[in-house]
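Student: Quick one: the structure is below, and I'll ask about it shortly.
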Amino acid sequence: MVDAARSLIADIPTPAVPAWSRDAAALAWLWDDGDGWEVWAADAAGQHARKLASGAMLGPIDWTSGREVLFARRAESGTVIAAVDVDSGTLRNVTSGPSDRAPRCAPDGEAVAFLSDRAGHIDVWRAPTAGGAATQLTERTNPLDEPRWAPIWSPDGRWIAYVSSRSGQRNNDDLWLVSHEGREHRQLTTGLIVSDDPCWSPDGSTIAVIATTGQEPWFGDDSDLWLVALDDVTPRRVTHGGGVAYPRAGGGLAWSPDG
């Protein structure tokens with residue numbers, strides 16, 4: 001009986017990391033059919049679900065300002081950021097790899113921020129959405145074995161929020177900002193253990209994260225919701241006593257439209 005139940009569960013396809021298109025007319029997601037992750041999409045009414053691409057990596061996906069879905073895929077050169085057109089199924093590589101992942105499209109649709117260890121550590125990079133040379137925005141952000149987070153654009157496209165352990169202290173996974181061209185850097189927290197992608201408020205004034213303090217054990221049931229305002233970077237704990245579920249890849253926070 002137990003073996004039969006396990007077999008049944010193992011055969012259930014697993015959807016993950018859903019993402020709405022910019023106009024909310026379509027939804028894309030990753031789907032594991034047992035042979036690896038695929039990119040799927042459907043319209044907002046749940047009709048016309050279709051597979052767009054295979055060979056995807058589990059992790060964040062995003063839409064361009066048009067009708068393409070951005071995702072990380074395995075290629076001969078390693079892992080690259082790719083874009084697939086939801087109407088034609090045309091697939092193209094946005095970056096050349098060899099270790100690119102976690103794409104996020106800028107609000108204006110002109111650039112993609114992503115993570116890569118091209119320079120020896122996992123750092124934030126930026127490339128044109130149309131394809132072209134990539135620019136490194138941060139240095140020594142995280143060690144090579146740190147795959148958790150994604151870079152997140154501010155609503156106005158001026159800043160990219162990310163999580164970094166570059167302080168070198170144990171369990172200091174702090175919230176940082178880098179300007180869109182890579183010239184300005186700001187550390188917003190010190191001593192937090194951030195376990196989720198940063199989530200910008202609609203007006204771009206505040207960032208929400210799931211985190212614990214450096215003095216607490218690192219377990220999901222000890223995590224809380226914290227808010228960090230850009231004009232007062234003292235983190236404010238919104239929930240107390242833990243109980244926030246440990247997030248999965250792709251982030252688990254969202255703001256209401258009115259903030």
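So you can find residues: chains in the structure tokens are A, B, ... in the order shown, residues in each start at 1, and ligands are numbered from 1 in order.
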For Ala134 of chain A, find every residue with an atom within 7 Å (counting only C-alpha atoms), except residues of its own chain fewer than 3 positions away, and show them as a VMD selection string.
Tutor: chain A and resid 125 to 127
Student: Quick one: residues within 12 Å of Ala133 of chain A, only C-alpha atoms counted, chain neighbours fewer than 3 positions away excluded, as a list in words?
Tutor: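 Counting only the stated atoms, we get Val94, Thr95, Ser96, Gly97, Ala111, Val112, Trp125, Arg126, Ala127, Pro128, Thr129, Ala130 and Gln136 of chain A.
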Student: Near Arg183 of chain A, within 12 Å and counting only C-alpha atoms, which residues show up once chain neighbours fewer than 4 positions away are dropped, as a PyMOL selection string?
Tutor: chain A and resi 135-139+158-160+177-179
Student: The selected residues should be written to file as a short mmCIF file (atom, residue, chain, number, x, y, z; two decimals), in the first residue's frame (atoms: all heavy atoms).
Tutor:
data_model
loop_
_atom_site.label_atom_id
_atom_site.label_comp_id
_atom_site.auth_asym_id
_atom_site.auth_seq_id
_atom_site.Cartn_x
_atom_site.Cartn_y
_atom_site.Cartn_z
N THR A 135 27.14 42.67 -18.64
CA THR A 135 27.92 43.54 -17.77
C THR A 135 27.83 43.06 -16.33
O THR A 135 26.73 42.81 -15.83
CB THR A 135 27.39 44.99 -17.85
OG1 THR A 135 27.45 45.45 -19.19
CG2 THR A 135 28.21 45.92 -16.96
N GLN A 136 28.97 42.92 -15.67
CA GLN A 136 28.99 42.52 -14.27
C GLN A 136 28.67 43.73 -13.39
O GLN A 136 29.28 44.78 -13.50
CB GLN A 136 30.36 41.95 -13.89
CG GLN A 136 30.43 41.42 -12.47
CD GLN A 136 31.78 40.78 -12.16
OE1 GLN A 136 32.62 40.63 -13.04
NE2 GLN A 136 31.98 40.40 -10.90
N LEU A 137 27.69 43.58 -12.49
CA LEU A 137 27.25 44.68 -11.64
C LEU A 137 27.78 44.59 -10.21
O LEU A 137 27.90 45.61 -9.54
CB LEU A 137 25.72 44.75 -11.60
CG LEU A 137 25.01 44.93 -12.94
CD1 LEU A 137 23.51 45.02 -12.73
CD2 LEU A 137 25.52 46.16 -13.67
N THR A 138 28.05 43.40 -9.71
CA THR A 138 28.55 43.23 -8.33
C THR A 138 29.79 42.35 -8.34
O THR A 138 30.08 41.66 -9.32
CB THR A 138 27.48 42.59 -7.42
OG1 THR A 138 27.23 41.23 -7.85
CG2 THR A 138 26.17 43.37 -7.47
N GLU A 139 30.51 42.36 -7.20
CA GLU A 139 31.72 41.55 -7.07
C GLU A 139 31.68 40.73 -5.79
O GLU A 139 31.34 41.26 -4.73
CB GLU A 139 32.97 42.44 -7.07
CG GLU A 139 33.22 43.16 -8.38
CD GLU A 139 34.51 43.95 -8.36
OE1 GLU A 139 35.24 43.87 -7.35
OE2 GLU A 139 34.80 44.65 -9.35
N ARG A 158 15.68 51.71 -11.34
CA ARG A 158 16.94 52.35 -10.96
C ARG A 158 17.84 51.42 -10.15
O ARG A 158 19.06 51.54 -10.20
CB ARG A 158 16.67 53.61 -10.13
CG ARG A 158 16.04 54.75 -10.90
CD ARG A 158 15.89 55.94 -9.98
NE ARG A 158 17.19 56.33 -9.40
CZ ARG A 158 17.31 57.06 -8.29
NH1 ARG A 158 16.24 57.47 -7.63
NH2 ARG A 158 18.52 57.39 -7.86
N TRP A 159 17.24 50.51 -9.38
CA TRP A 159 18.00 49.68 -8.46
C TRP A 159 17.67 48.21 -8.68
O TRP A 159 16.60 47.85 -9.16
CB TRP A 159 17.69 50.04 -7.00
CG TRP A 159 18.06 51.43 -6.61
CD1 TRP A 159 17.24 52.54 -6.60
CD2 TRP A 159 19.34 51.88 -6.18
NE1 TRP A 159 17.93 53.63 -6.18
CE2 TRP A 159 19.23 53.26 -5.91
CE3 TRP A 159 20.57 51.25 -5.99
CZ2 TRP A 159 20.30 54.02 -5.47
CZ3 TRP A 159 21.65 52.01 -5.55
CH2 TRP A 159 21.51 53.37 -5.30
N ILE A 160 18.62 47.37 -8.29
CA ILE A 160 18.41 45.92 -8.25
C ILE A 160 18.72 45.46 -6.84
O ILE A 160 19.82 45.70 -6.32
CB ILE A 160 19.31 45.20 -9.26
CG1 ILE A 160 19.01 45.67 -10.68
CG2 ILE A 160 19.13 43.68 -9.14
CD1 ILE A 160 19.99 45.17 -11.71
N LEU A 177 21.66 46.64 -2.38
CA LEU A 177 21.20 47.25 -3.62
C LEU A 177 22.39 47.56 -4.51
O LEU A 177 23.46 47.91 -4.02
CB LEU A 177 20.47 48.57 -3.35
CG LEU A 177 19.16 48.57 -2.58
CD1 LEU A 177 18.63 50.00 -2.48
CD2 LEU A 177 18.13 47.67 -3.23
N VAL A 178 22.20 47.43 -5.80
CA VAL A 178 23.16 47.92 -6.78
C VAL A 178 22.37 48.72 -7.82
O VAL A 178 21.24 48.34 -8.19
CB VAL A 178 23.94 46.76 -7.45
CG1 VAL A 178 23.02 45.81 -8.19
CG2 VAL A 178 25.02 47.31 -8.38
N SER A 179 22.92 49.86 -8.23
CA SER A 179 22.24 50.65 -9.25
C SER A 179 22.25 49.90 -10.58
O SER A 179 23.08 49.01 -10.81
CB SER A 179 22.91 52.02 -9.40
OG SER A 179 24.27 51.89 -9.72
#
Student: Rank A:Pro107, A:Gly36, A:Gly120, A:Pro202 by their smallest atom-to-atom distance to Leu58 of chain A, using only C-alpha atoms, and report the top residue only.
Tutor: A:Gly36
Student: What is the distance between atom CA of Trp255 of chain A and atom CA of Ala106 of chain A, in Å to one decimal?
Tutor: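 Atom CA of Ala106 of chain A lies at a distance of 18.2 Å from atom CA of Trp255 of chain A.
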Student: Find the residues near Asp62 of chain A: any atom within 8 Å, counting only C-alpha atoms, skip ones fewer than 5 places away on the same chain, and give them as a PyMOL selection string.
Tutor: chain A and resi 19-21+69-71+103-105
Student: Mind giving me the straight-line distance from atom CA of His48 of chain A to atom CA of Ala26 of chain A in Å, one decimal?
Tutor: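 Atom CA of Ala26 of chain A lies 10.0 Å from atom CA of His48 of chain A.
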Student: Got a sec: who's within 6 Å of segment 146-154 of chain A, counting only C-alpha atoms, leaving out chain neighbours fewer than 5 positions off, as a ChimeraX atom specification?
Tutor: /A:102,159-162,197,204
Student: So that I have them on file, write out the residues from the current selection with N, CA, C and O atoms, as a CSV table (one decimal), in the first residue's frame.
Tutor:
chain,number,residue,atom,x,y,z
A,102,ALA,N,18.4,32.5,-13.0
A,102,ALA,CA,17.6,33.5,-12.2
A,102,ALA,C,17.4,34.8,-13.0
A,102,ALA,O,17.7,35.8,-12.5
A,159,TRP,N,17.2,50.5,-9.4
A,159,TRP,CA,18.0,49.7,-8.5
A,159,TRP,C,17.7,48.2,-8.7
A,159,TRP,O,16.6,47.9,-9.2
A,160,ILE,N,18.6,47.4,-8.3
A,160,ILE,CA,18.4,45.9,-8.3
A,160,ILE,C,18.7,45.5,-6.8
A,160,ILE,O,19.8,45.7,-6.3
A,161,ALA,N,17.8,44.8,-6.2
A,161,ALA,CA,17.9,44.3,-4.8
A,161,ALA,C,18.4,42.9,-4.9
A,161,ALA,O,18.0,42.1,-5.8
A,162,TYR,N,19.3,42.5,-4.1
A,162,TYR,CA,19.8,41.1,-4.0
A,162,TYR,C,20.3,40.8,-2.6
A,162,TYR,O,20.5,41.7,-1.8
A,197,ASP,N,13.6,35.8,-1.8
A,197,ASP,CA,13.9,36.9,-2.7
A,197,ASP,C,13.4,38.2,-2.2
A,197,ASP,O,12.3,38.3,-1.6
A,204,GLY,N,8.1,51.5,-4.5
A,204,GLY,CA,9.6,51.4,-4.5
A,204,GLY,C,10.2,51.9,-3.3
A,204,GLY,O,11.4,52.0,-3.2
Student: Counting only C-alpha atoms, which of A:Val39, A:Cys199, A:Ala83, A:Leu115 gets nearest to Pro15 of chain A?
Tutor: A:Val39
Student: Using only C-alpha atoms, determine which residues lie at most 8 Å from Val238 of chain A, disregarding the query and same-chain residues fewer than 5 positions distant; provide the list as a ChimeraX atom specification.
Tutor: /A:224-227
